[in-house]
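As stored in data-v7.csv (CSV, C-alpha atoms):
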```csv
chain,number,residue,atom,x,y,z
A,1,MET,CA,47.0,21.8,3.9
A,2,ALA,CA,44.6,21.5,6.7
A,3,PRO,CA,41.7,19.1,6.3
A,4,PRO,CA,38.3,20.7,5.6
A,5,PRO,CA,36.1,21.2,8.6
A,6,ALA,CA,33.8,18.4,9.5
A,7,ARG,CA,30.2,18.9,8.3
A,8,LYS,CA,27.8,19.8,11.0
A,9,VAL,CA,25.3,17.0,11.7
A,10,HIS,CA,21.8,18.3,12.3
A,11,ARG,CA,19.7,16.2,14.7
A,12,TRP,CA,16.1,16.4,15.8
A,13,PRO,CA,15.0,14.2,18.8
A,14,ASP,CA,11.4,13.9,17.8
A,15,VAL,CA,10.1,15.5,14.6
A,16,ALA,CA,6.6,14.0,15.3
A,17,ASN,CA,6.3,16.1,18.4
A,18,GLY,CA,4.7,13.3,20.4
A,19,VAL,CA,2.0,12.5,17.8
A,20,TYR,CA,3.7,9.2,16.8
A,21,PRO,CA,3.4,6.4,19.5
A,22,ARG,CA,7.2,6.7,20.1
A,23,PRO,CA,9.7,9.5,19.4
A,24,VAL,CA,10.8,9.8,15.7
A,25,PRO,CA,14.4,11.1,15.6
A,26,ALA,CA,15.7,12.6,12.4
A,27,VAL,CA,19.3,13.3,11.3
A,28,ASN,CA,20.8,15.2,8.4
A,29,ALA,CA,24.6,14.6,7.9
A,30,VAL,CA,24.5,15.5,4.2
A,31,ASP,CA,23.7,19.2,4.0
A,32,ASP,CA,22.0,22.0,5.8
A,33,GLU,CA,18.4,21.4,4.7
A,34,PRO,CA,16.0,21.8,7.6
A,35,PHE,CA,13.5,19.0,8.3
A,36,PRO,CA,10.3,19.5,6.3
A,37,ALA,CA,7.6,21.3,8.2
A,38,ILE,CA,4.5,19.0,8.0
A,39,GLN,CA,1.5,18.4,10.2
A,40,TRP,CA,1.9,15.1,11.9
A,41,LEU,CA,-1.2,12.9,12.0
A,42,SER,CA,-2.3,9.9,14.0
A,43,MET,CA,-5.1,9.2,11.6
A,44,CYS,CA,-6.3,10.4,8.2
A,45,THR,CA,-8.4,13.6,7.9
A,46,GLU,CA,-11.3,14.0,5.5
A,47,GLY,CA,-11.1,16.8,2.9
A,48,LYS,CA,-14.0,18.6,1.2
A,49,ASP,CA,-16.8,16.3,-0.1
A,50,VAL,CA,-15.3,13.3,1.6
A,51,PRO,CA,-17.8,11.5,4.0
A,52,VAL,CA,-16.7,11.3,7.6
A,53,ALA,CA,-16.4,7.8,9.2
A,54,ASP,CA,-19.7,6.3,10.2
A,55,SER,CA,-19.6,3.6,12.8
A,56,ALA,CA,-23.3,2.8,12.4
A,57,PHE,CA,-22.7,0.2,9.7
A,58,LEU,CA,-19.6,-1.5,11.2
A,59,THR,CA,-19.7,-5.2,11.7
A,60,SER,CA,-18.8,-6.0,15.3
A,61,CYS,CA,-18.2,-9.0,17.5
A,62,ASN,CA,-19.2,-9.9,21.1
A,63,CYS,CA,-16.0,-11.8,21.9
A,64,PHE,CA,-14.2,-11.3,25.2
A,65,PRO,CA,-11.4,-10.8,26.0
A,66,THR,CA,-10.1,-11.7,22.5
A,67,CYS,CA,-11.3,-13.1,19.2
A,68,SER,CA,-10.5,-16.7,18.2
A,69,ASP,CA,-11.0,-19.0,15.2
A,70,LYS,CA,-12.2,-21.7,17.7
A,71,ARG,CA,-15.6,-20.0,18.4
A,72,PRO,CA,-18.1,-18.1,16.4
A,73,CYS,CA,-17.0,-14.5,15.7
A,74,GLU,CA,-18.6,-12.0,13.4
A,75,CYS,CA,-15.2,-10.4,12.7
A,76,ALA,CA,-13.7,-13.7,11.6
A,77,ARG,CA,-16.8,-14.5,9.4
A,78,VAL,CA,-16.1,-11.5,7.1
A,79,GLN,CA,-12.4,-12.4,6.6
A,80,ARG,CA,-10.9,-14.5,3.8
A,81,ASN,CA,-11.7,-18.2,4.5
A,82,GLN,CA,-13.7,-16.9,7.5
A,83,LYS,CA,-10.5,-17.0,9.7
A,84,LEU,CA,-8.7,-14.2,11.5
A,85,PRO,CA,-6.1,-12.6,9.3
A,86,TYR,CA,-3.3,-12.4,12.0
A,87,ASN,CA,-1.5,-15.1,14.0
A,88,GLU,CA,-0.7,-14.8,17.7
A,89,LYS,CA,2.4,-12.8,16.9
A,90,GLY,CA,0.5,-10.3,14.9
A,91,GLN,CA,1.8,-11.5,11.5
A,92,LEU,CA,-0.5,-11.1,8.6
A,93,SER,CA,-1.5,-14.3,6.7
A,94,TYR,CA,-2.2,-12.7,3.3
A,95,VAL,CA,-1.8,-9.5,1.4
A,96,ASP,CA,-4.2,-9.9,-1.6
A,97,TYR,CA,-7.5,-9.7,0.3
A,98,GLN,CA,-8.9,-6.8,2.4
A,99,VAL,CA,-8.6,-7.2,6.2
A,100,PHE,CA,-11.3,-6.3,8.6
A,101,GLU,CA,-10.1,-5.6,12.1
A,102,CYS,CA,-12.1,-5.4,15.3
A,103,ASN,CA,-13.3,-1.8,15.8
A,104,ILE,CA,-14.7,0.6,18.4
A,105,LYS,CA,-18.0,-1.3,18.5
A,106,CYS,CA,-16.5,-4.7,19.3
A,107,ARG,CA,-16.5,-6.1,22.9
A,108,CYS,CA,-13.0,-7.5,22.8
A,109,THR,CA,-10.1,-5.7,24.5
A,110,ASN,CA,-7.2,-3.8,22.9
A,111,LYS,CA,-5.1,-7.0,23.2
A,112,CYS,CA,-7.3,-8.9,20.8
A,113,ARG,CA,-5.5,-10.8,18.1
A,114,ASN,CA,-7.5,-9.0,15.5
A,115,ARG,CA,-6.4,-5.5,16.6
A,116,VAL,CA,-3.1,-4.7,14.9
A,117,VAL,CA,-3.3,-1.7,12.7
A,118,GLY,CA,-5.8,-0.2,15.1
A,119,ARG,CA,-3.2,-0.3,17.9
A,120,GLY,CA,-0.8,1.9,16.0
A,121,PRO,CA,2.8,1.5,14.8
A,122,PRO,CA,4.8,-0.9,17.0
A,123,PHE,CA,8.4,-0.2,15.9
A,124,SER,CA,10.8,2.6,16.4
A,125,VAL,CA,12.1,4.3,13.2
A,126,GLU,CA,14.5,7.1,12.3
A,127,ILE,CA,14.2,9.6,9.4
A,128,TYR,CA,17.5,10.5,7.7
A,129,LYS,CA,18.8,12.6,4.8
A,130,THR,CA,20.4,10.8,1.9
A,131,LYS,CA,22.8,12.1,-0.7
A,132,ARG,CA,20.6,11.2,-3.7
A,133,LYS,CA,17.1,10.3,-2.6
A,134,GLY,CA,16.2,13.1,-0.3
A,135,TRP,CA,14.8,12.0,3.1
A,136,ALA,CA,14.4,8.3,3.9
A,137,VAL,CA,13.3,6.1,6.8
A,138,ARG,CA,15.1,3.2,8.5
A,139,THR,CA,14.0,0.9,11.3
A,140,LEU,CA,15.7,1.0,14.6
A,141,GLU,CA,14.5,-2.5,15.5
A,142,ASP,CA,14.5,-5.9,13.8
A,143,ILE,CA,11.1,-6.5,12.1
A,144,ASP,CA,9.9,-10.1,11.5
A,145,ALA,CA,8.2,-10.9,8.1
A,146,MET,CA,4.5,-9.9,7.7
A,147,ARG,CA,4.4,-7.5,10.7
A,148,PHE,CA,2.6,-4.2,10.6
A,149,VAL,CA,4.9,-1.2,10.3
A,150,CYS,CA,2.7,1.9,9.8
A,151,GLU,CA,-0.1,3.4,7.8
A,152,TYR,CA,-0.1,5.9,4.9
A,153,LEU,CA,-1.7,8.9,6.4
A,154,GLY,CA,-2.7,12.3,5.1
A,155,GLU,CA,-5.8,14.2,3.9
A,156,ILE,CA,-8.4,12.0,2.1
A,157,ILE,CA,-9.6,13.9,-1.0
A,158,THR,CA,-11.8,13.2,-3.9
A,159,ASP,CA,-10.5,11.9,-7.3
A,160,SER,CA,-11.2,15.2,-9.0
A,161,GLU,CA,-9.4,17.2,-6.3
A,162,ALA,CA,-6.4,14.8,-6.5
A,163,GLU,CA,-6.3,15.4,-10.3
A,164,ARG,CA,-6.3,19.2,-9.7
A,165,ARG,CA,-3.5,19.0,-7.1
A,166,GLY,CA,-1.6,16.5,-9.1
A,167,HIS,CA,-0.9,19.0,-11.9
A,168,GLY,CA,0.9,21.2,-9.5
A,169,TYR,CA,2.8,18.3,-7.9
A,170,ASP,CA,3.9,17.0,-11.3
A,171,ALA,CA,5.2,20.5,-12.1
A,172,ALA,CA,7.2,20.4,-8.9
A,173,LYS,CA,8.3,16.8,-9.6
A,174,CYS,CA,7.2,15.8,-6.1
A,175,SER,CA,3.9,14.0,-5.3
A,176,TYR,CA,2.6,12.3,-2.2
A,177,LEU,CA,-0.8,11.1,-3.6
A,178,TYR,CA,-1.9,7.6,-2.9
A,179,ASP,CA,-5.0,6.1,-4.4
A,180,ILE,CA,-7.3,4.1,-2.1
A,181,ASP,CA,-8.2,1.8,-4.9
A,182,PHE,CA,-8.0,-1.8,-3.6
A,183,LEU,CA,-11.6,-2.4,-4.5
A,184,LYS,CA,-11.5,-0.5,-7.8
A,185,GLN,CA,-12.7,-2.7,-10.6
A,186,HIS,CA,-12.6,-0.3,-13.6
A,187,ALA,CA,-10.0,2.1,-14.8
A,188,ASP,CA,-12.5,5.0,-15.0
A,189,GLU,CA,-14.0,4.3,-11.6
A,190,ASP,CA,-13.5,7.2,-9.1
A,191,CYS,CA,-11.7,6.5,-5.8
A,192,PHE,CA,-10.6,8.5,-2.9
A,193,VAL,CA,-7.0,9.6,-2.6
A,194,ILE,CA,-4.7,10.2,0.3
A,195,ASP,CA,-2.6,13.4,0.0
A,196,ALA,CA,0.4,13.4,2.3
A,197,ASN,CA,2.0,16.5,0.9
A,198,SER,CA,1.5,18.8,3.9
A,199,CYS,CA,0.4,16.3,6.5
A,200,GLY,CA,1.1,12.7,7.3
A,201,THR,CA,3.4,10.4,9.2
A,202,VAL,CA,6.7,8.5,8.7
A,203,SER,CA,5.4,6.7,5.6
A,204,ARG,CA,5.5,10.1,3.8
A,205,PHE,CA,9.3,9.7,3.7
A,206,PHE,CA,9.4,6.1,2.4
A,207,ASN,CA,11.3,5.8,-0.8
A,208,HIS,CA,10.6,3.6,-3.8
A,209,SER,CA,12.4,0.4,-4.5
A,210,CYS,CA,12.0,-2.2,-7.2
A,211,ASP,CA,12.9,-4.7,-4.5
A,212,PRO,CA,10.9,-3.3,-1.5
A,213,ASN,CA,10.8,-4.7,2.0
A,214,LEU,CA,7.2,-3.4,2.6
A,215,VAL,CA,3.9,-4.1,1.0
A,216,ALA,CA,0.7,-2.0,1.1
A,217,CYS,CA,-2.5,-3.8,2.3
A,218,ALA,CA,-6.1,-2.7,2.6
A,219,VAL,CA,-7.3,-2.8,6.2
A,220,SER,CA,-10.6,-1.6,7.5
A,221,VAL,CA,-10.8,-0.6,11.2
A,222,ASN,CA,-13.3,2.1,12.3
A,223,ASP,CA,-14.8,3.2,8.9
A,224,ALA,CA,-17.4,1.0,7.3
A,225,ASN,CA,-17.0,2.7,3.9
A,226,PRO,CA,-15.2,0.1,1.8
A,227,LYS,CA,-13.8,2.9,-0.4
A,228,LYS,CA,-12.0,4.5,2.6
A,229,HIS,CA,-10.0,1.6,3.9
A,230,CYS,CA,-6.6,2.2,5.5
A,231,ILE,CA,-3.4,1.8,3.5
A,232,ALA,CA,-1.3,-0.3,5.9
A,233,PHE,CA,2.4,-1.2,5.3
A,234,PHE,CA,3.5,-4.7,6.3
A,235,SER,CA,7.0,-6.2,6.1
A,236,ASN,CA,7.3,-8.8,3.3
A,237,GLN,CA,10.5,-10.2,4.7
A,238,PHE,CA,12.7,-10.1,7.9
A,239,ILE,CA,14.1,-6.6,8.1
A,240,ARG,CA,17.2,-6.0,10.2
A,241,ALA,CA,17.6,-2.9,12.4
A,242,GLY,CA,19.3,-0.1,10.5
A,243,THR,CA,17.7,-1.1,7.1
A,244,GLU,CA,15.9,1.5,5.0
A,245,LEU,CA,12.1,0.9,4.7
A,246,THR,CA,10.9,1.0,1.1
A,247,PHE,CA,7.8,0.1,-1.0
A,248,ALA,CA,7.0,0.0,-4.7
A,249,TYR,CA,5.4,3.3,-5.7
A,250,LYS,CA,2.1,3.0,-7.6
A,251,SER,CA,0.5,5.3,-10.0
A,252,THR,CA,-1.8,8.0,-8.6
A,253,ALA,CA,-4.2,10.5,-10.1
A,254,ASP,CA,-3.1,11.8,-13.5
```
Go ahead and render the structure in this file as structure tokens.
Amino acid sequence: MAPPPARKVHRWPDVANGVYPRPVPAVNAVDDEPFPAIQWLSMCTEGKDVPVADSAFLTSCNCFPTCSDKRPCECARVQRNQKLPYNEKGQLSYVDYQVFECNIKCRCTNKCRNRVVGRGPPFSVEIYKTKRKGWAVRTLEDIDAMRFVCEYLGEIITDSEAERRGHGYDAAKCSYLYDIDFLKQHADEDCFVIDANSCGTVSRFFNHSCDPNLVACAVSVNDANPKKHCIAFFSNQFIRAGTELTFAYKSTAD
């Protein structure tokens, strides 16, 4: 009996169409499902009743060419322990306190030590189809511990709108809602929510793991609204090239 024909492998050279800082290849060697059609973003968009970013209230520094703990710096003053959150290699020092990066009003250059998330994703990744978990993401490069990988991007919506959409997502058993609730102090306190259902970036395809290699951190860059901080994923361990990138899912709007 002749062996069954080899399954066709579907490949896409860059599903992000140039929006991501580097090409994002995708591969499906499992079935014939086409790659999901989403709008790729380089930053979050604001939905109805969500205030746009206002730079008027941003804290900024006058450092040049880069910020340092060795001299007075407004951006260092607002950090935990009043020290810059990243070392010279771009590794984050802590994950349990909001980070404030240098922004569009700061005098320092793009090479400043306190510009990490604001510079964009630094590693190449690939999206691939799995047999049991749908689509997934793996790194194509080694990633040292506590390095920035990418943001969770999508449409920022209100809590009430997230609740409305959530009913439909729950029925479909598929949701990409992520609460921006790092500063939330009470369970009944409203917060903004990122919806990556129809728009987003590679993080939309991250899978859950009870032993994740990524951790989500609150990082503010060019928006002074503390309730609209970025959701930035950092590696919590050394990640070898070829490894799937995962994080621990959290609850979203009911």
**Q.** Distance criterion (only C-alpha atoms): nearest to Val215 in chain A out of A:Asn110, A:Ser203, A:Thr158, A:Ser55
**A.**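 Checking each of A:Asn110, A:Ser203, A:Thr158, A:Ser55 against Val215 in chain A, counting only C-alpha atoms, the winner is A:Ser203.
Ranking A:Lys184, A:Glu33, A:Pro85, A:Glu101 by their shortest atom-to-atom distance to Thr130 in chain A, with all atoms listed in the file included, puts A:Glu33 first.
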Q. Could you work out how far CA of Phe100 in chain A lies from CA of Arg77 in chain A, giving the answer in Å with one decimal?
A. 9.9 Å
(Q) Please list as a ChimeraX atom specification every residue within 10 Å of range 134-136 of chain A, counting only C-alpha atoms and excluding residues in the same chain fewer than 3 positions away. (A) /A:26-28,30,33,35-36,126-131,202-208,244-246
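Picture a line from CA of Val78 in chain A to CA of Asp49 in chain A; it runs 28.7 Å.
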List every residue of range 31-127 of chain A that has an atom at most 6 Å from any atom of range 217-234 of chain A, giving for each one its closest atom pair and the distance in Å to one decimal, counting only C-alpha atoms, sorted by chain and then by ascending residue number, as a Markdown table.
```
| residue | atom | partner | partner_atom | distance |
| --- | --- | --- | --- | --- |
| A:Ala53 | CA | A:Asp223 | CA | 4.9 |
| A:Asp54 | CA | A:Asp223 | CA | 5.9 |
| A:Phe57 | CA | A:Ala224 | CA | 5.9 |
| A:Leu58 | CA | A:Ala224 | CA | 5.1 |
| A:Val95 | CA | A:Cys217 | CA | 5.8 |
| A:Gln98 | CA | A:Ala218 | CA | 5.0 |
| A:Val99 | CA | A:Val219 | CA | 4.6 |
| A:Phe100 | CA | A:Ser220 | CA | 4.9 |
| A:Glu101 | CA | A:Val221 | CA | 5.1 |
| A:Asn103 | CA | A:Asn222 | CA | 5.2 |
```
Q) A:Arg22, A:Arg165, A:His186, A:His10: which is nearest Gly120 in chain A, counting all atoms listed in the file? A) A:Arg22
Q) Looking at A:Ile104, A:Ile143, A:Ala16, A:Cys61, which one is nearest to Ala37 in chain A, with distances taken over only C-alpha atoms? A)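 Between A:Ile104, A:Ile143, A:Ala16, A:Cys61, the residue approaching Ala37 in chain A most closely is A:Ala16.
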Is there a way to complete range 110-137 of chain A with N, CA and C atoms and then write that out as a PDB file, keeping the file's coordinate frame?
```
ATOM      1  N   ASN A 110      -8.236  -4.346  23.815  1.00  0.00           N
ATOM      2  CA  ASN A 110      -7.200  -3.800  22.900  1.00  0.00           C
ATOM      3  C   ASN A 110      -6.117  -4.873  22.632  1.00  0.00           C
ATOM      4  N   LYS A 111      -6.060  -5.921  23.439  1.00  0.00           N
ATOM      5  CA  LYS A 111      -5.100  -7.000  23.200  1.00  0.00           C
ATOM      6  C   LYS A 111      -5.561  -8.070  22.293  1.00  0.00           C
ATOM      7  N   CYS A 112      -6.734  -7.876  21.723  1.00  0.00           N
ATOM      8  CA  CYS A 112      -7.300  -8.900  20.800  1.00  0.00           C
ATOM      9  C   CYS A 112      -6.360  -9.133  19.649  1.00  0.00           C
ATOM     10  N   ARG A 113      -6.302 -10.372  19.245  1.00  0.00           N
ATOM     11  CA  ARG A 113      -5.500 -10.800  18.100  1.00  0.00           C
ATOM     12  C   ARG A 113      -5.843 -10.085  16.820  1.00  0.00           C
ATOM     13  N   ASN A 114      -7.087  -9.643  16.710  1.00  0.00           N
ATOM     14  CA  ASN A 114      -7.500  -9.000  15.500  1.00  0.00           C
ATOM     15  C   ASN A 114      -7.482  -7.469  15.577  1.00  0.00           C
ATOM     16  N   ARG A 115      -6.669  -6.963  16.482  1.00  0.00           N
ATOM     17  CA  ARG A 115      -6.400  -5.500  16.600  1.00  0.00           C
ATOM     18  C   ARG A 115      -4.908  -5.313  16.392  1.00  0.00           C
ATOM     19  N   VAL A 116      -4.510  -4.948  15.211  1.00  0.00           N
ATOM     20  CA  VAL A 116      -3.100  -4.700  14.900  1.00  0.00           C
ATOM     21  C   VAL A 116      -2.867  -3.325  14.385  1.00  0.00           C
ATOM     22  N   VAL A 117      -3.425  -3.018  13.233  1.00  0.00           N
ATOM     23  CA  VAL A 117      -3.300  -1.700  12.700  1.00  0.00           C
ATOM     24  C   VAL A 117      -3.977  -0.665  13.628  1.00  0.00           C
ATOM     25  N   GLY A 118      -5.100  -1.072  14.210  1.00  0.00           N
ATOM     26  CA  GLY A 118      -5.800  -0.200  15.100  1.00  0.00           C
ATOM     27  C   GLY A 118      -5.060   0.185  16.366  1.00  0.00           C
ATOM     28  N   ARG A 119      -4.047  -0.608  16.731  1.00  0.00           N
ATOM     29  CA  ARG A 119      -3.200  -0.300  17.900  1.00  0.00           C
ATOM     30  C   ARG A 119      -2.122   0.696  17.605  1.00  0.00           C
ATOM     31  N   GLY A 120      -1.846   0.914  16.335  1.00  0.00           N
ATOM     32  CA  GLY A 120      -0.800   1.900  16.000  1.00  0.00           C
ATOM     33  C   GLY A 120       0.531   1.238  15.673  1.00  0.00           C
ATOM     34  N   PRO A 121       1.481   2.014  15.165  1.00  0.00           N
ATOM     35  CA  PRO A 121       2.800   1.500  14.800  1.00  0.00           C
ATOM     36  C   PRO A 121       3.559   0.943  15.981  1.00  0.00           C
ATOM     37  N   PRO A 122       4.113  -0.279  15.858  1.00  0.00           N
ATOM     38  CA  PRO A 122       4.800  -0.900  17.000  1.00  0.00           C
ATOM     39  C   PRO A 122       6.297  -0.810  17.015  1.00  0.00           C
ATOM     40  N   PHE A 123       6.902  -0.233  15.953  1.00  0.00           N
ATOM     41  CA  PHE A 123       8.400  -0.200  15.900  1.00  0.00           C
ATOM     42  C   PHE A 123       8.920   1.195  15.844  1.00  0.00           C
ATOM     43  N   SER A 124      10.119   1.341  16.389  1.00  0.00           N
ATOM     44  CA  SER A 124      10.800   2.600  16.400  1.00  0.00           C
ATOM     45  C   SER A 124      11.553   2.804  15.059  1.00  0.00           C
ATOM     46  N   VAL A 125      11.480   4.010  14.505  1.00  0.00           N
ATOM     47  CA  VAL A 125      12.100   4.300  13.200  1.00  0.00           C
ATOM     48  C   VAL A 125      12.881   5.635  13.332  1.00  0.00           C
ATOM     49  N   GLU A 126      13.732   5.880  12.347  1.00  0.00           N
ATOM     50  CA  GLU A 126      14.500   7.100  12.300  1.00  0.00           C
ATOM     51  C   GLU A 126      14.391   7.655  10.835  1.00  0.00           C
ATOM     52  N   ILE A 127      14.207   8.962  10.678  1.00  0.00           N
ATOM     53  CA  ILE A 127      14.200   9.600   9.400  1.00  0.00           C
ATOM     54  C   ILE A 127      15.596  10.220   9.160  1.00  0.00           C
ATOM     55  N   TYR A 128      16.168  10.026   7.984  1.00  0.00           N
ATOM     56  CA  TYR A 128      17.500  10.500   7.700  1.00  0.00           C
ATOM     57  C   TYR A 128      17.640  11.072   6.310  1.00  0.00           C
ATOM     58  N   LYS A 129      18.543  12.012   6.125  1.00  0.00           N
ATOM     59  CA  LYS A 129      18.800  12.600   4.800  1.00  0.00           C
ATOM     60  C   LYS A 129      19.786  11.770   4.045  1.00  0.00           C
ATOM     61  N   THR A 130      19.495  11.504   2.774  1.00  0.00           N
ATOM     62  CA  THR A 130      20.400  10.800   1.900  1.00  0.00           C
ATOM     63  C   THR A 130      21.048  11.718   0.892  1.00  0.00           C
ATOM     64  N   LYS A 131      22.079  11.271   0.235  1.00  0.00           N
ATOM     65  CA  LYS A 131      22.800  12.100  -0.700  1.00  0.00           C
ATOM     66  C   LYS A 131      21.996  12.236  -2.049  1.00  0.00           C
ATOM     67  N   ARG A 132      21.249  11.187  -2.428  1.00  0.00           N
ATOM     68  CA  ARG A 132      20.600  11.200  -3.700  1.00  0.00           C
ATOM     69  C   ARG A 132      19.108  11.006  -3.743  1.00  0.00           C
ATOM     70  N   LYS A 133      18.541  10.585  -2.636  1.00  0.00           N
ATOM     71  CA  LYS A 133      17.100  10.300  -2.600  1.00  0.00           C
ATOM     72  C   LYS A 133      16.303  11.160  -1.676  1.00  0.00           C
ATOM     73  N   GLY A 134      16.892  12.237  -1.222  1.00  0.00           N
ATOM     74  CA  GLY A 134      16.200  13.100  -0.300  1.00  0.00           C
ATOM     75  C   GLY A 134      16.109  12.416   1.096  1.00  0.00           C
ATOM     76  N   TRP A 135      14.980  12.556   1.759  1.00  0.00           N
ATOM     77  CA  TRP A 135      14.800  12.000   3.100  1.00  0.00           C
ATOM     78  C   TRP A 135      14.391  10.495   2.947  1.00  0.00           C
ATOM     79  N   ALA A 136      14.741   9.698   3.941  1.00  0.00           N
ATOM     80  CA  ALA A 136      14.400   8.300   3.900  1.00  0.00           C
ATOM     81  C   ALA A 136      14.127   7.832   5.367  1.00  0.00           C
ATOM     82  N   VAL A 137      13.649   6.598   5.499  1.00  0.00           N
ATOM     83  CA  VAL A 137      13.300   6.100   6.800  1.00  0.00           C
ATOM     84  C   VAL A 137      13.996   4.725   7.023  1.00  0.00           C
TER      85      VAL A 137
END
```
